[in-house]
Amino acid sequence: MAKAVGRGIAAIEYPTGMNQNGDPSQAWIKLKMDGRVDVFAGTVDIGQGSKTVHSQIVADAIGVPMDWVTMDTSNTDSSAFCMGTFASRGTFIGGNAVRLAAEKVRSRILEIGGELLEVDAGDLEIADGEVHVKGSPDKKVGMGDIAGFATFVKGELISGQGTALKEYATLDPETGAVTVPPHSAISYAACAAEVEVDTETGDVRVLKMSQVYDVGRAINPTMVEGQIEGGAMQGLGLGLLETVYPYYPSPDHRGSGYGSYFVPSMEELPELECIIIENPSSDGPFGAKSIGEMANNAQPPAIATAIYDAVGVWVTEMPITPEKVLRALRAKEEGRPESRTDGKYIRYDEELSINAVASADSAVLFAP
Amino acid sequence: MSIEFTVNGTAQVVEAEPLTPLLHVLREDLSITSPKASCQHGGCGACTVIVDGEARRSCLMPVEAARGTAIRTVEGLAPAGGELTPLQQAWIHHYAAQCGFCASGFLMAATAYLEQGGTDDRDAIVEALGGHACRCTGYVKIIAAVQAAARGETFDLEETAVGANTTIKGVER
Amino acid sequence: MKVVGQRLPRYDAGAHVTAGTRYVDDVRIPGTLWAKALRSPHHNAEILSIDTSKAEAMEGVFAVVTHADVHKNVHGHIEGLGVPGDEPLLAATHVRYLGQPIAAVAAVDEATALRATEAIEVTYRELEPLFDIRRAFEPNAPQAHDNQNWYPDFEGQMDRRQIRKGDVDWAFEQADHIVTGVYRPYPMEHVPMETQVTQVVPEADGRYTVYSATQAMYFSMGVVAAHLDWPLNRLKFIGGTTGSGFGGKVDTASETITVLLAVKAQRPVRWRWTREEEFLCSSTRAGWHMEVADAITKDGWILGRKMLTLHDAGAYSRFSPYGVTKHSFHHTGAYTIPNLEFNGYVVYTNRVPSTAMRGFGVTSVSFATEIHIERCARAIGMDPLEFRLKNANRLGDTSPNGVVYTDPSTVPVVKAIAEATGHELPADYRTMTAAMRSGDDLPEHLVGQLGNPEDH
């Protein structure tokens with residue numbers, strides 16, 4: 001039995017929002033008469049933390065303590081429209097919707113505060129739920145007084161709504177060229193994986209993963225870590241463990257439970273190092289970019305490369321199961337080369353190609 | 001058939017077929033919903049409860065086998081309106097639950113682990129909790145939470161812990 | 001105090017640790033019935049007859065629904081994006097995958113519901129199934145779908161998603177080496193800890209309250225309303241609490257059928273899928289087949305890329321055309337390649353339809369192109385990190401669709417990973433930034449290709 005250690009890296013990019021845009025998120029905000037802030041939005045928090053992140057955005061965009069903000073994302077009678085929690089759009093697009101609504105509420109608070117303080121609204125700022133004259137923190141009025149004045153004297157509900165929507169990007173069906181950028185900010189990431197390959201069993205253990213993510217701005221760094229750590233384990237599952245069809249494309253031996261489908265467990269957890277880069281986007285809330293989906297994209301190729309580094313075989317069908325590693329090692333032992341040089345062509349994986357599997361009269365083949 | 005046991009200190013008498021899973025009786029007959037019907041074949045741990053001091057998967061336990069036992073669930077960890085247990089506090093401070101669906105099972109298994117003298121030893125924690133699935137967190141913060149509780153740390157519930165091995169930096173443009 | 005950038009706990013962290021978070025399956029409505037589905041035992045078959053009479057006559061059965069109960073049985077999830085619907089809510093004339101729902105039952109308890117599904121009599125004529133997307137284009141391939149084996153409606157006119165940029169023939173002529181490879185990620189499950197689950201309550205005012213684990217309340221409400229031809233105000237979705245999804249709970253897989261059962265039974269109905277159903281019958285991440293050919297120079301430039309992608313949609317389209325389009329937009333990864341020829345097909349097979357999953361359309365291409373980049377770098381004996389930095393997306397570079405990059409981060413993330421792993425880079429790479437190309441970083445093949453990021 002021999003164990004070989006190898007390292008590999010991968011770098012990736014991932015867009016924010018639905019491809020080609022056209023996916024609105026909306027929010028509306030009203031003030032209670034004591035100045036407390038009620039936010040109504042439709043973004044579903046599936047565990048990633050959007051509801052908390054949105055509350056943080058609203059708190060700072062208006063200038064109130066976090067515990068003044070109540071978010072209702074619970075139902076379609078009161079919540080504003082949101083396209084949904086997918087396409088890594090929660091923080092960025094849902095976040096922009098609540099930010100835009102909050103900015104409108106803030107403007108109105110400042111206008112009414114200006115009336116009460118008899119100064120121009122432009123000379124005011126809001127902090128910790130109080131409106132004060134810039135440079136004169138003692139000349140101030142509380143948001144409760146402003147909201148009460150609006151409700152009981154002016155007869156006004158202080159409210160604001162926001163919609164985050166980018167124009168749909170039509171594309172040329174021949175070339176794919178688009179009329180406008182077909183997404184919001186692009187996030188980038190890199191992952192370095194260190195693996196140990198057991199050349200007798202084909203088993204691969206990931207020993208360590210270092211990961212770098214440009215998230216623009218970490219609105220809640222702990223939740224960013226949560227995405228990165230959870231994504232790392234899903235990426236590990238993708239790379240090494242998980243498939244519903246172990247002998248794809250055959251439907252045979254399909255796993256129907258945890259005993260036959262391998263979800264990454266605590267025992268597979270490698271050492272993780274997490275580097276968050278803040279390279280702000282121009283149009284995300286507080287400079288944020290997305291993090292959710294990209295978090296499981298860099299690990300599989302990094303692991304595949306680390307396996308190559310360790311034992312000198314490429315496995316390009318994933319998950320990279322022990323069986324596939326052993327088959328590749330056997331081919332190497334038998335002297336079967338992984339690539340074929342043909343003039344200036346270096347051809348890998350020819351046995352997997354559609355050209356090798358389909359008959360010659362297939363309507364689609366690949367001849368670069 | 002009539003079967004008696006206690007749940008979180010309250011005596012219960014249920015009418016059930018003896019092979020009915022304890023999970024089903026807790027959820028559907030007693031409306032104790034912290035144990036989750038996630039896989040119902042013993043594979044994920046989300047239905048874990050403590051039976052006479054031992055962490056058990058309630059989906060695999062026939063209700064007959066629970067006769068006369070003392071069952072504990074998340075509902076009984078902290079007194080209503082009272083202080084959370086250190087482990088519950090650790091779960092909050094270390095952001096050990098995202099969607100939260102696995103949390104009940106993990107909490108009960110980890111409670112049993114700590115009550116039986118479990119320490120902050122990482123390998124021992126993995127041995128005790130390795131059969132529980134979490135699809136969101138990647139387990140890093142779950143292990144950190146159990147370790148912190150085992151060490152008897154106190155927790156700030158207004159803020160979460162800085163992740164181990166994390167660096168945040170700007171970029172020169 | 002500012003809170004952006006603060007490590008605040010989840011709003012529901014306290015609820016999570018005290019059993020206070022109420023998921024759909026934790027909602028308790030008196031009189032709730034259990035739902036179960038009858039699912040196809042075949043991969044591909046014609047349905048000759050469906051007889052529900054024995055199930056309907058069973059004690060404790062309150063409703064049985066089939067395709068005949070659905071106003072608009074075939075509705076596409078993204079018809080609004082120009083992708084025609086092709087999937088029946090409940091199979092009518094054909095079953096195209098093992099586990100496809102044909103009928104559903106609401107009964108007084110789970111065991112009765114299960115027995116009732118078993119009492120439904122369906123006769124089939126089995127057809128040969130298709131599983132390998134590489135064989136779908138053969139003249140004699142089994143028919144996996146009602147029409148041809150691949151999606152014909154990109155932009156209402158194309159049977160594939162194309163990208164054409166620059167002069168790829170020039171690039172392949174000029175290249176010192178052309179490296180080809182094949183990459184095949186297999187389908188996988190989302191495995192959310194909470195399975196698909198819906199609880200529906202008929203209200204006294206004629207509305208229906210839908211407790212849903214969906215990732216997208218309005219989207220799912222729209223799907224239900226379209227199948228039933230209802231205005232949106234007949235439905236109230238209660239959601240926002242989900243035991244994770246990862247893309248699989250965009251599918252609206254359980255909501256519509258549960259509403260149909262509640263309408264027919266006029267009782268509250270809960271449908272919670274078993275883990276076996278989740279593994280065997282719920283949508284998966286797709287399988288992909290990607291062939292990549294890169295034209296490279298011996299000093300490390302990627303001049304051009306040709307790529308063929310086959311996407312295993314399973315039996316119906318769902319979000320697959322969207323996924324392949326997104327895939328095509330990102331098929332150069334974090335790098336700038338000026339000459340491109342990409343063809344991507346959505347291919348039908350007789351397996352569970354695939355759907356969105358974390359990284360939809362791009363996880364596959366990241367796997368393919370990152371391994372391919374490594375192979376290319378090794379083919380010319382160049383450090384793979386330097387190869388990446390050389391071809392990195394830079395300010396002013398353009399994407400496969402001609403979009404000018406305004407804040408690309410390939411350079412900072414690759415440099416950061418080099419630093420984190422102790423990988424020594426030569427001086428000119430250590431000082432590289434994402435700034436616009438000039439000098440040695442602007443080779444002849446990229447001259448005239450750059451846009452002005454200030455304009456965007």
# chains A, B, ... in the order shown; residues from 1 in each chain; ligands from 1
$ interface_residues --of "chain A" --to "chain B" --cutoff "9 Å" --atoms "only C-alpha atoms" --output "PyMOL selection string"
chain A and resi 45-49+216+218+221-223+225-234+257-259+263-267+269+272-280
$ select_by_dssp --residues "stretch 88-300 of chain C" --states "helix (DSSP H, G or I)" --output "PyMOL selection string"
chain C and resi 110-119+133-135+168-174+217-228+232-234+248-250+255-265+275-281
$ closest_atom_pairs --of "chain C" --to "chain B" --cutoff "9 Å" --atoms "only C-alpha atoms" --output "tab-separated table"
residue	atom	partner	partner_atom	distance
C:Gln6	CA	B:Glu159	CA	8.0
C:Arg7	CA	B:Thr160	CA	5.4
C:Leu8	CA	B:Glu159	CA	4.8
C:Pro9	CA	B:Thr160	CA	5.6
C:Arg10	CA	B:Tyr95	CA	7.6
C:Asp12	CA	B:Gly100	CA	8.8
C:Ala13	CA	B:Ile92	CA	5.5
C:Gly14	CA	B:Ile92	CA	6.6
C:Ala15	CA	B:Gly100	CA	8.9
C:His16	CA	B:Gly100	CA	5.4
C:Val17	CA	B:Gln88	CA	5.7
C:Thr18	CA	B:Val74	CA	5.9
C:Ala19	CA	B:Ser34	CA	5.1
C:Gly20	CA	B:Ser34	CA	8.3
C:Thr21	CA	B:Gly100	CA	7.9
C:Arg22	CA	B:Thr33	CA	8.5
C:Tyr23	CA	B:Phe101	CA	8.3
C:Asp25	CA	B:Thr33	CA	8.4
C:Asp26	CA	B:Thr33	CA	5.8
C:Arg28	CA	B:Ser31	CA	7.7
C:His190	CA	B:Arg135	CA	8.9
C:Val191	CA	B:Arg135	CA	7.4
C:Pro192	CA	B:Arg135	CA	6.7
C:Met193	CA	B:Ser38	CA	6.0
C:Glu194	CA	B:Ser38	CA	5.7
C:Thr195	CA	B:Ser38	CA	6.6
C:Thr241	CA	B:Cys99	CA	8.1
C:Thr242	CA	B:Cys99	CA	6.6
C:Gly243	CA	B:Cys99	CA	5.2
C:Ser244	CA	B:Cys99	CA	5.5
C:Thr274	CA	B:Cys39	CA	6.9
C:Arg275	CA	B:Cys39	CA	4.9
C:Glu276	CA	B:Cys39	CA	7.9
C:Pro412	CA	B:Val171	CA	7.2
C:Thr433	CA	B:Arg173	CA	6.9
C:Ala434	CA	B:Arg173	CA	7.0
C:Ala435	CA	B:Arg173	CA	7.3
$ write_last_selection --atoms "N, CA, C and O atoms" --output "compact mmCIF listing (two decimals), in the first residue's frame"
# COMPACT_ATOMS: atom_id res chain seq x y z
N GLN C 6 -20.53 43.64 10.26
CA GLN C 6 -20.53 43.05 11.60
C GLN C 6 -20.94 41.58 11.54
O GLN C 6 -21.77 41.18 10.73
N ARG C 7 -20.41 40.84 12.49
CA ARG C 7 -20.69 39.40 12.55
C ARG C 7 -21.92 39.16 13.43
O ARG C 7 -21.82 38.65 14.54
N LEU C 8 -23.08 39.53 12.90
CA LEU C 8 -24.30 39.37 13.68
C LEU C 8 -24.84 37.95 13.51
O LEU C 8 -24.66 37.32 12.48
N PRO C 9 -25.53 37.46 14.55
CA PRO C 9 -26.13 36.12 14.41
C PRO C 9 -27.35 36.15 13.50
O PRO C 9 -27.91 37.21 13.22
N ARG C 10 -27.76 34.99 13.07
CA ARG C 10 -28.99 34.86 12.28
C ARG C 10 -30.17 35.37 13.08
O ARG C 10 -30.25 35.20 14.28
N ASP C 12 -32.92 34.03 13.22
CA ASP C 12 -33.64 32.89 13.78
C ASP C 12 -32.71 31.91 14.50
O ASP C 12 -33.08 30.76 14.74
N ALA C 13 -31.52 32.37 14.86
CA ALA C 13 -30.56 31.45 15.52
C ALA C 13 -31.14 30.91 16.82
O ALA C 13 -31.02 29.72 17.13
N GLY C 14 -31.78 31.79 17.59
CA GLY C 14 -32.38 31.34 18.85
C GLY C 14 -33.50 30.36 18.61
O GLY C 14 -33.66 29.37 19.35
N ALA C 15 -34.29 30.60 17.59
CA ALA C 15 -35.39 29.68 17.28
C ALA C 15 -34.85 28.32 16.83
O ALA C 15 -35.40 27.27 17.19
N HIS C 16 -33.77 28.35 16.05
CA HIS C 16 -33.21 27.08 15.57
C HIS C 16 -32.81 26.15 16.73
O HIS C 16 -32.92 24.94 16.62
N VAL C 17 -32.33 26.73 17.83
CA VAL C 17 -31.81 25.87 18.91
C VAL C 17 -32.85 25.58 19.99
O VAL C 17 -32.55 24.90 20.96
N THR C 18 -34.06 26.08 19.78
CA THR C 18 -35.10 25.81 20.78
C THR C 18 -36.35 25.19 20.14
O THR C 18 -37.43 25.19 20.73
N ALA C 19 -36.20 24.65 18.94
CA ALA C 19 -37.34 24.07 18.21
C ALA C 19 -38.39 25.13 17.90
O ALA C 19 -39.56 24.81 17.72
N GLY C 20 -37.99 26.37 17.84
CA GLY C 20 -38.93 27.44 17.57
C GLY C 20 -39.12 27.73 16.09
O GLY C 20 -40.06 28.45 15.72
N THR C 21 -38.26 27.22 15.25
CA THR C 21 -38.41 27.44 13.82
C THR C 21 -39.46 26.49 13.29
O THR C 21 -39.32 25.27 13.43
N ARG C 22 -40.52 27.03 12.69
CA ARG C 22 -41.62 26.17 12.25
C ARG C 22 -41.49 25.93 10.74
O ARG C 22 -41.81 26.78 9.93
N TYR C 23 -40.97 24.75 10.40
CA TYR C 23 -40.89 24.35 8.99
C TYR C 23 -42.27 23.87 8.53
O TYR C 23 -43.17 23.65 9.35
N ASP C 25 -43.39 21.08 7.56
CA ASP C 25 -43.86 19.82 8.14
C ASP C 25 -44.21 19.95 9.62
O ASP C 25 -44.77 19.03 10.21
N ASP C 26 -43.85 21.09 10.21
CA ASP C 26 -44.18 21.30 11.63
C ASP C 26 -45.50 22.03 11.82
O ASP C 26 -45.96 22.20 12.95
N ARG C 28 -49.27 22.45 12.16
CA ARG C 28 -50.30 21.49 12.59
C ARG C 28 -51.69 22.08 12.35
O ARG C 28 -52.08 23.03 13.02
N HIS C 190 -29.56 17.16 -4.74
CA HIS C 190 -29.40 18.32 -3.88
C HIS C 190 -29.26 17.90 -2.41
O HIS C 190 -28.53 18.52 -1.65
N VAL C 191 -29.98 16.84 -2.04
CA VAL C 191 -30.05 16.37 -0.66
C VAL C 191 -30.29 17.51 0.35
O VAL C 191 -29.50 17.71 1.27
N PRO C 192 -31.37 18.26 0.18
CA PRO C 192 -31.72 19.19 1.26
C PRO C 192 -32.13 18.36 2.46
O PRO C 192 -32.72 17.29 2.30
N MET C 193 -31.81 18.82 3.67
CA MET C 193 -32.17 18.03 4.86
C MET C 193 -33.68 17.87 4.96
O MET C 193 -34.19 16.86 5.44
N GLU C 194 -34.40 18.89 4.51
CA GLU C 194 -35.86 18.82 4.48
C GLU C 194 -36.27 18.37 3.07
O GLU C 194 -35.90 19.01 2.09
N THR C 195 -37.04 17.29 3.00
CA THR C 195 -37.49 16.84 1.68
C THR C 195 -38.58 17.79 1.15
O THR C 195 -39.04 18.67 1.86
N THR C 241 -39.41 29.96 5.25
CA THR C 241 -38.71 29.08 6.18
C THR C 241 -38.49 27.75 5.47
O THR C 241 -39.44 27.05 5.16
N THR C 242 -37.24 27.47 5.16
CA THR C 242 -36.93 26.37 4.27
C THR C 242 -35.76 25.57 4.84
O THR C 242 -34.75 26.17 5.22
N GLY C 243 -35.92 24.27 4.90
CA GLY C 243 -34.84 23.41 5.39
C GLY C 243 -33.82 23.12 4.33
O GLY C 243 -33.50 21.98 4.06
N SER C 244 -33.34 24.17 3.70
CA SER C 244 -32.33 24.21 2.63
C SER C 244 -32.90 23.74 1.29
O SER C 244 -33.92 23.05 1.24
N THR C 274 -40.83 11.18 0.88
CA THR C 274 -39.87 10.38 1.63
C THR C 274 -38.47 10.66 1.08
O THR C 274 -38.31 11.20 -0.02
N ARG C 275 -37.47 10.27 1.84
CA ARG C 275 -36.09 10.45 1.36
C ARG C 275 -35.87 9.62 0.09
O ARG C 275 -35.15 10.02 -0.81
N GLU C 276 -36.49 8.45 0.02
CA GLU C 276 -36.35 7.62 -1.18
C GLU C 276 -36.91 8.36 -2.39
O GLU C 276 -36.32 8.36 -3.48
N PRO C 412 -6.13 39.10 -8.65
CA PRO C 412 -5.98 39.07 -7.19
C PRO C 412 -6.25 37.71 -6.56
O PRO C 412 -5.56 37.34 -5.60
N THR C 433 -1.44 43.40 -11.88
CA THR C 433 -2.76 43.75 -11.34
C THR C 433 -3.80 43.49 -12.43
O THR C 433 -3.46 43.07 -13.54
N ALA C 434 -5.05 43.80 -12.10
CA ALA C 434 -6.12 43.61 -13.08
C ALA C 434 -6.22 44.79 -14.06
O ALA C 434 -7.14 44.86 -14.86
N ALA C 435 -5.26 45.70 -13.98
CA ALA C 435 -5.31 46.89 -14.85
C ALA C 435 -5.34 46.51 -16.33
O ALA C 435 -4.98 45.39 -16.71
$ closest_residue --among "C:Tyr186, C:Trp301, C:Phe62, C:Trp170" --to "chain A" --atoms "only C-alpha atoms"
C:Tyr186
$ atom_distance --atom1 "atom CA of A:Pro285" --atom2 "atom CA of C:Gly323"
26.2 Å
$ closest_residue --among "C:Phe319, C:Phe131, C:Tyr429, C:Trp150" --to "chain A" --atoms "only C-alpha atoms"
C:Phe131
$ residues_around --residues "stretch 3-10 of chain B" --least-positions-apart "2" --cutoff "10 Å" --atoms "only C-alpha atoms" --output "PyMOL selection string"
chain B and resi 1+12-18+26+30+32+50-51+63-77
$ select_by_dssp --residues "stretch 28-179 of chain C" --states "strand (DSSP E)" --output "MDAnalysis selection string"
chainID C and resid 33:39 45:51 61:65 94:95 101:107 121:126 161:165 177:179
$ residues_around --residues "C:Gly344" --least-positions-apart "6" --cutoff "9 Å" --atoms "only C-alpha atoms" --output "JSON, numbers by chain"
{"C": [159, 160, 161, 162, 163, 290, 307, 308, 309, 310, 311, 324, 325, 327, 328]}
$ residues_around --residues "C:Ala104" --least-positions-apart "3" --cutoff "10 Å" --atoms "only C-alpha atoms" --output "number ranges by chain"
C: 35-39, 52, 63-67, 90, 101, 113-114, 116-117, 120, 257-258, 260-261, 271
$ residues_around --residues "stretch 35-38 of chain A" --least-positions-apart "4" --cutoff "8 Å" --atoms "only C-alpha atoms" --output "number ranges by chain"
A: 29-31, 68-72, 129, 143-148
$ closest_residue --among "C:Val259, C:Leu98, C:Val414, C:Val83" --to "C:Glu203" --atoms "only C-alpha atoms"
C:Val259
$ residues_around --residues "A:Leu124" --least-positions-apart "6" --cutoff "6 Å" --atoms "only C-alpha atoms" --output "MDAnalysis selection string"
chainID A and resid 132:134
$ write_last_selection --atoms "N, CA, C and O atoms" --output "mmCIF file, in the first residue's frame"
data_model
loop_
_atom_site.group_PDB
_atom_site.id
_atom_site.type_symbol
_atom_site.label_atom_id
_atom_site.label_comp_id
_atom_site.auth_asym_id
_atom_site.auth_seq_id
_atom_site.Cartn_x
_atom_site.Cartn_y
_atom_site.Cartn_z
ATOM 1 N N HIS A 132 -29.795 64.488 13.186
ATOM 2 C CA HIS A 132 -29.145 65.664 13.766
ATOM 3 C C HIS A 132 -28.471 66.490 12.677
ATOM 4 O O HIS A 132 -28.191 66.009 11.570
ATOM 5 N N VAL A 133 -28.245 67.748 13.034
ATOM 6 C CA VAL A 133 -27.569 68.652 12.104
ATOM 7 C C VAL A 133 -26.102 68.246 12.030
ATOM 8 O O VAL A 133 -25.463 67.999 13.058
ATOM 9 N N LYS A 134 -25.615 68.166 10.772
ATOM 10 C CA LYS A 134 -24.211 67.772 10.593
ATOM 11 C C LYS A 134 -23.310 68.711 11.374
ATOM 12 O O LYS A 134 -23.436 69.937 11.269
#
$ atom_distance --atom1 "atom CA of A:Trp314" --atom2 "atom CA of A:Ala328"
7.5 Å
$ decode --residues "stretch 102-111 of chain A" --atoms "all heavy atoms" --output "PDB file, in the first residue's frame"
ATOM      1  N   ALA A 102     -34.981  51.619   1.477  1.00  0.00           N
ATOM      2  CA  ALA A 102     -34.493  52.284   2.694  1.00  0.00           C
ATOM      3  C   ALA A 102     -34.018  53.699   2.383  1.00  0.00           C
ATOM      4  O   ALA A 102     -34.220  54.623   3.179  1.00  0.00           O
ATOM      5  CB  ALA A 102     -33.369  51.468   3.326  1.00  0.00           C
ATOM      6  N   GLU A 103     -33.386  53.870   1.250  1.00  0.00           N
ATOM      7  CA  GLU A 103     -32.893  55.210   0.897  1.00  0.00           C
ATOM      8  C   GLU A 103     -34.049  56.185   0.702  1.00  0.00           C
ATOM      9  O   GLU A 103     -33.949  57.371   1.039  1.00  0.00           O
ATOM     10  CB  GLU A 103     -32.005  55.132  -0.354  1.00  0.00           C
ATOM     11  CG  GLU A 103     -30.629  54.535  -0.032  1.00  0.00           C
ATOM     12  CD  GLU A 103     -29.788  54.230  -1.265  1.00  0.00           C
ATOM     13  OE1 GLU A 103     -30.289  54.435  -2.403  1.00  0.00           O
ATOM     14  OE2 GLU A 103     -28.642  53.773  -1.084  1.00  0.00           O
ATOM     15  N   LYS A 104     -35.166  55.686   0.157  1.00  0.00           N
ATOM     16  CA  LYS A 104     -36.343  56.561   0.007  1.00  0.00           C
ATOM     17  C   LYS A 104     -36.912  56.936   1.377  1.00  0.00           C
ATOM     18  O   LYS A 104     -37.296  58.087   1.617  1.00  0.00           O
ATOM     19  CB  LYS A 104     -37.405  55.882  -0.853  1.00  0.00           C
ATOM     20  CG  LYS A 104     -37.009  55.869  -2.321  1.00  0.00           C
ATOM     21  CD  LYS A 104     -38.057  55.242  -3.199  1.00  0.00           C
ATOM     22  CE  LYS A 104     -37.533  55.162  -4.630  1.00  0.00           C
ATOM     23  NZ  LYS A 104     -38.228  54.168  -5.423  1.00  0.00           N
ATOM     24  N   VAL A 105     -36.969  55.954   2.258  1.00  0.00           N
ATOM     25  CA  VAL A 105     -37.467  56.240   3.609  1.00  0.00           C
ATOM     26  C   VAL A 105     -36.544  57.239   4.300  1.00  0.00           C
ATOM     27  O   VAL A 105     -36.992  58.209   4.929  1.00  0.00           O
ATOM     28  CB  VAL A 105     -37.575  54.921   4.411  1.00  0.00           C
ATOM     29  CG1 VAL A 105     -37.779  55.196   5.895  1.00  0.00           C
ATOM     30  CG2 VAL A 105     -38.705  54.067   3.854  1.00  0.00           C
ATOM     31  N   ARG A 106     -35.256  57.037   4.143  1.00  0.00           N
ATOM     32  CA  ARG A 106     -34.281  57.946   4.758  1.00  0.00           C
ATOM     33  C   ARG A 106     -34.487  59.378   4.248  1.00  0.00           C
ATOM     34  O   ARG A 106     -34.495  60.330   5.040  1.00  0.00           O
ATOM     35  CB  ARG A 106     -32.869  57.456   4.425  1.00  0.00           C
ATOM     36  CG  ARG A 106     -31.763  58.372   4.914  1.00  0.00           C
ATOM     37  CD  ARG A 106     -30.396  57.922   4.350  1.00  0.00           C
ATOM     38  NE  ARG A 106     -29.386  58.931   4.622  1.00  0.00           N
ATOM     39  CZ  ARG A 106     -28.693  58.997   5.746  1.00  0.00           C
ATOM     40  NH1 ARG A 106     -28.897  58.106   6.704  1.00  0.00           N
ATOM     41  NH2 ARG A 106     -27.804  59.952   5.925  1.00  0.00           N
ATOM     42  N   SER A 107     -34.695  59.524   2.927  1.00  0.00           N
ATOM     43  CA  SER A 107     -34.885  60.872   2.361  1.00  0.00           C
ATOM     44  C   SER A 107     -36.099  61.548   2.985  1.00  0.00           C
ATOM     45  O   SER A 107     -36.062  62.731   3.324  1.00  0.00           O
ATOM     46  CB  SER A 107     -35.109  60.800   0.852  1.00  0.00           C
ATOM     47  OG  SER A 107     -33.982  60.277   0.244  1.00  0.00           O
ATOM     48  N   ARG A 108     -37.162  60.796   3.117  1.00  0.00           N
ATOM     49  CA  ARG A 108     -38.391  61.390   3.669  1.00  0.00           C
ATOM     50  C   ARG A 108     -38.199  61.742   5.149  1.00  0.00           C
ATOM     51  O   ARG A 108     -38.678  62.774   5.619  1.00  0.00           O
ATOM     52  CB  ARG A 108     -39.551  60.404   3.480  1.00  0.00           C
ATOM     53  CG  ARG A 108     -40.918  61.023   3.699  1.00  0.00           C
ATOM     54  CD  ARG A 108     -41.216  62.110   2.681  1.00  0.00           C
ATOM     55  NE  ARG A 108     -42.399  62.880   3.083  1.00  0.00           N
ATOM     56  CZ  ARG A 108     -42.452  64.211   3.130  1.00  0.00           C
ATOM     57  NH1 ARG A 108     -41.425  64.942   2.785  1.00  0.00           N
ATOM     58  NH2 ARG A 108     -43.559  64.818   3.502  1.00  0.00           N
ATOM     59  N   ILE A 109     -37.497  60.884   5.869  1.00  0.00           N
ATOM     60  CA  ILE A 109     -37.211  61.181   7.286  1.00  0.00           C
ATOM     61  C   ILE A 109     -36.424  62.485   7.387  1.00  0.00           C
ATOM     62  O   ILE A 109     -36.709  63.350   8.223  1.00  0.00           O
ATOM     63  CB  ILE A 109     -36.419  60.024   7.935  1.00  0.00           C
ATOM     64  CG1 ILE A 109     -37.287  58.768   8.051  1.00  0.00           C
ATOM     65  CG2 ILE A 109     -35.894  60.428   9.315  1.00  0.00           C
ATOM     66  CD1 ILE A 109     -36.501  57.510   8.366  1.00  0.00           C
ATOM     67  N   LEU A 110     -35.448  62.633   6.516  1.00  0.00           N
ATOM     68  CA  LEU A 110     -34.619  63.849   6.557  1.00  0.00           C
ATOM     69  C   LEU A 110     -35.458  65.084   6.209  1.00  0.00           C
ATOM     70  O   LEU A 110     -35.299  66.146   6.825  1.00  0.00           O
ATOM     71  CB  LEU A 110     -33.442  63.717   5.594  1.00  0.00           C
ATOM     72  CG  LEU A 110     -32.362  62.706   6.010  1.00  0.00           C
ATOM     73  CD1 LEU A 110     -31.320  62.534   4.907  1.00  0.00           C
ATOM     74  CD2 LEU A 110     -31.676  63.123   7.314  1.00  0.00           C
ATOM     75  N   GLU A 111     -36.362  64.958   5.242  1.00  0.00           N
ATOM     76  CA  GLU A 111     -37.205  66.107   4.867  1.00  0.00           C
ATOM     77  C   GLU A 111     -38.086  66.535   6.034  1.00  0.00           C
ATOM     78  O   GLU A 111     -38.177  67.726   6.361  1.00  0.00           O
ATOM     79  CB  GLU A 111     -38.082  65.748   3.663  1.00  0.00           C
ATOM     80  CG  GLU A 111     -37.314  65.692   2.345  1.00  0.00           C
ATOM     81  CD  GLU A 111     -38.117  65.023   1.217  1.00  0.00           C
ATOM     82  OE1 GLU A 111     -39.316  64.737   1.416  1.00  0.00           O
ATOM     83  OE2 GLU A 111     -37.513  64.785   0.157  1.00  0.00           O
TER      84      GLU A 111
END
